[in-house]
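Notes to accompany the following structure.
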Amino acid sequence: MKNKIGFNFFFAMIAFTLGLALYREFDFNTFTFRKTALGILYLLVFIVSIYLTFKKKKKTE
């Protein structure tokens with residue numbers, strides 16, 4: 001009857017790995033990515049994986 005928030009471990013592991021890659025790719029002295037295209041791709045996939053990690057499950061009855 002309720003909409004439950006799910007937690008998907010698979011996407012959580014992907015998000016963790018991408019978070020570490022983003023941290024290594026970001027240059028904190030100049031606040032830019034070392035390789036811009038790769039950094040943007042990491043960021044987009046990181047955001048999608050965080051969304052899919054905490055996506056609501058369908059209604060249960």
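Within each chain, counting starts at residue 1; across the structure tokens, chains are named A, B, ... in the order shown, with ligands numbered 1 upward in that order.
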Need to verify the contact set: A:Leu41, 12 Å, only C-alpha atoms, exclusion of same-chain residues closer than 6 positions in sequence. Can you return it as JSON, numbers by chain?
{"A": [18, 19, 21, 22, 25, 33, 35, 47, 48]}
In Å, how far is it from atom CA of A:Phe54 to atom CA of A:Ala37?
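Result for atom CA of A:Phe54 versus atom CA of A:Ala37: 26.5 Å, one decimal.
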Considering only helix (DSSP H, G or I) as DSSP defines it on the backbone, what residues of chain A qualify? List them as JSON, numbers by chain.
{"A": [9, 10, 11, 12, 13, 14, 15, 16, 17, 18, 19, 20, 21, 22, 23, 24, 25, 36, 37, 38, 39, 40, 41, 42, 43, 44, 45, 46, 47, 48, 49, 50, 51, 52, 53]}
Which is closer to A:Leu38 than all the others in A:Lys56, A:Arg24, A:Phe9, A:Tyr51, using only C-alpha atoms?
A:Arg24
Tell me, as a PyMOL selection string, which residues lie within 8 Å of A:Phe11, counting only C-alpha atoms; anything in the same chain fewer than 5 positions away does not count.
chain A and resi 49-50+52-53
Store the residues of this selection in a file with C-alpha atoms, as a CSV table (one decimal), in the first residue's frame.
```
chain,number,residue,atom,x,y,z
A,49,SER,CA,23.6,5.9,-10.5
A,50,ILE,CA,22.7,7.8,-7.3
A,52,LEU,CA,18.8,4.6,-9.5
A,53,THR,CA,20.2,3.6,-6.1
```
Between atom CA of A:Met13 and atom CA of A:Tyr42, what is the distance, to one decimal in Å?
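Separation of atom CA of A:Met13 and atom CA of A:Tyr42: 14.1 Å.
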Go through A:Ile5, A:Leu20, A:Phe10, A:Phe28 and flag the residue nearest A:Leu43, using only C-alpha atoms for the distances.
A:Leu20
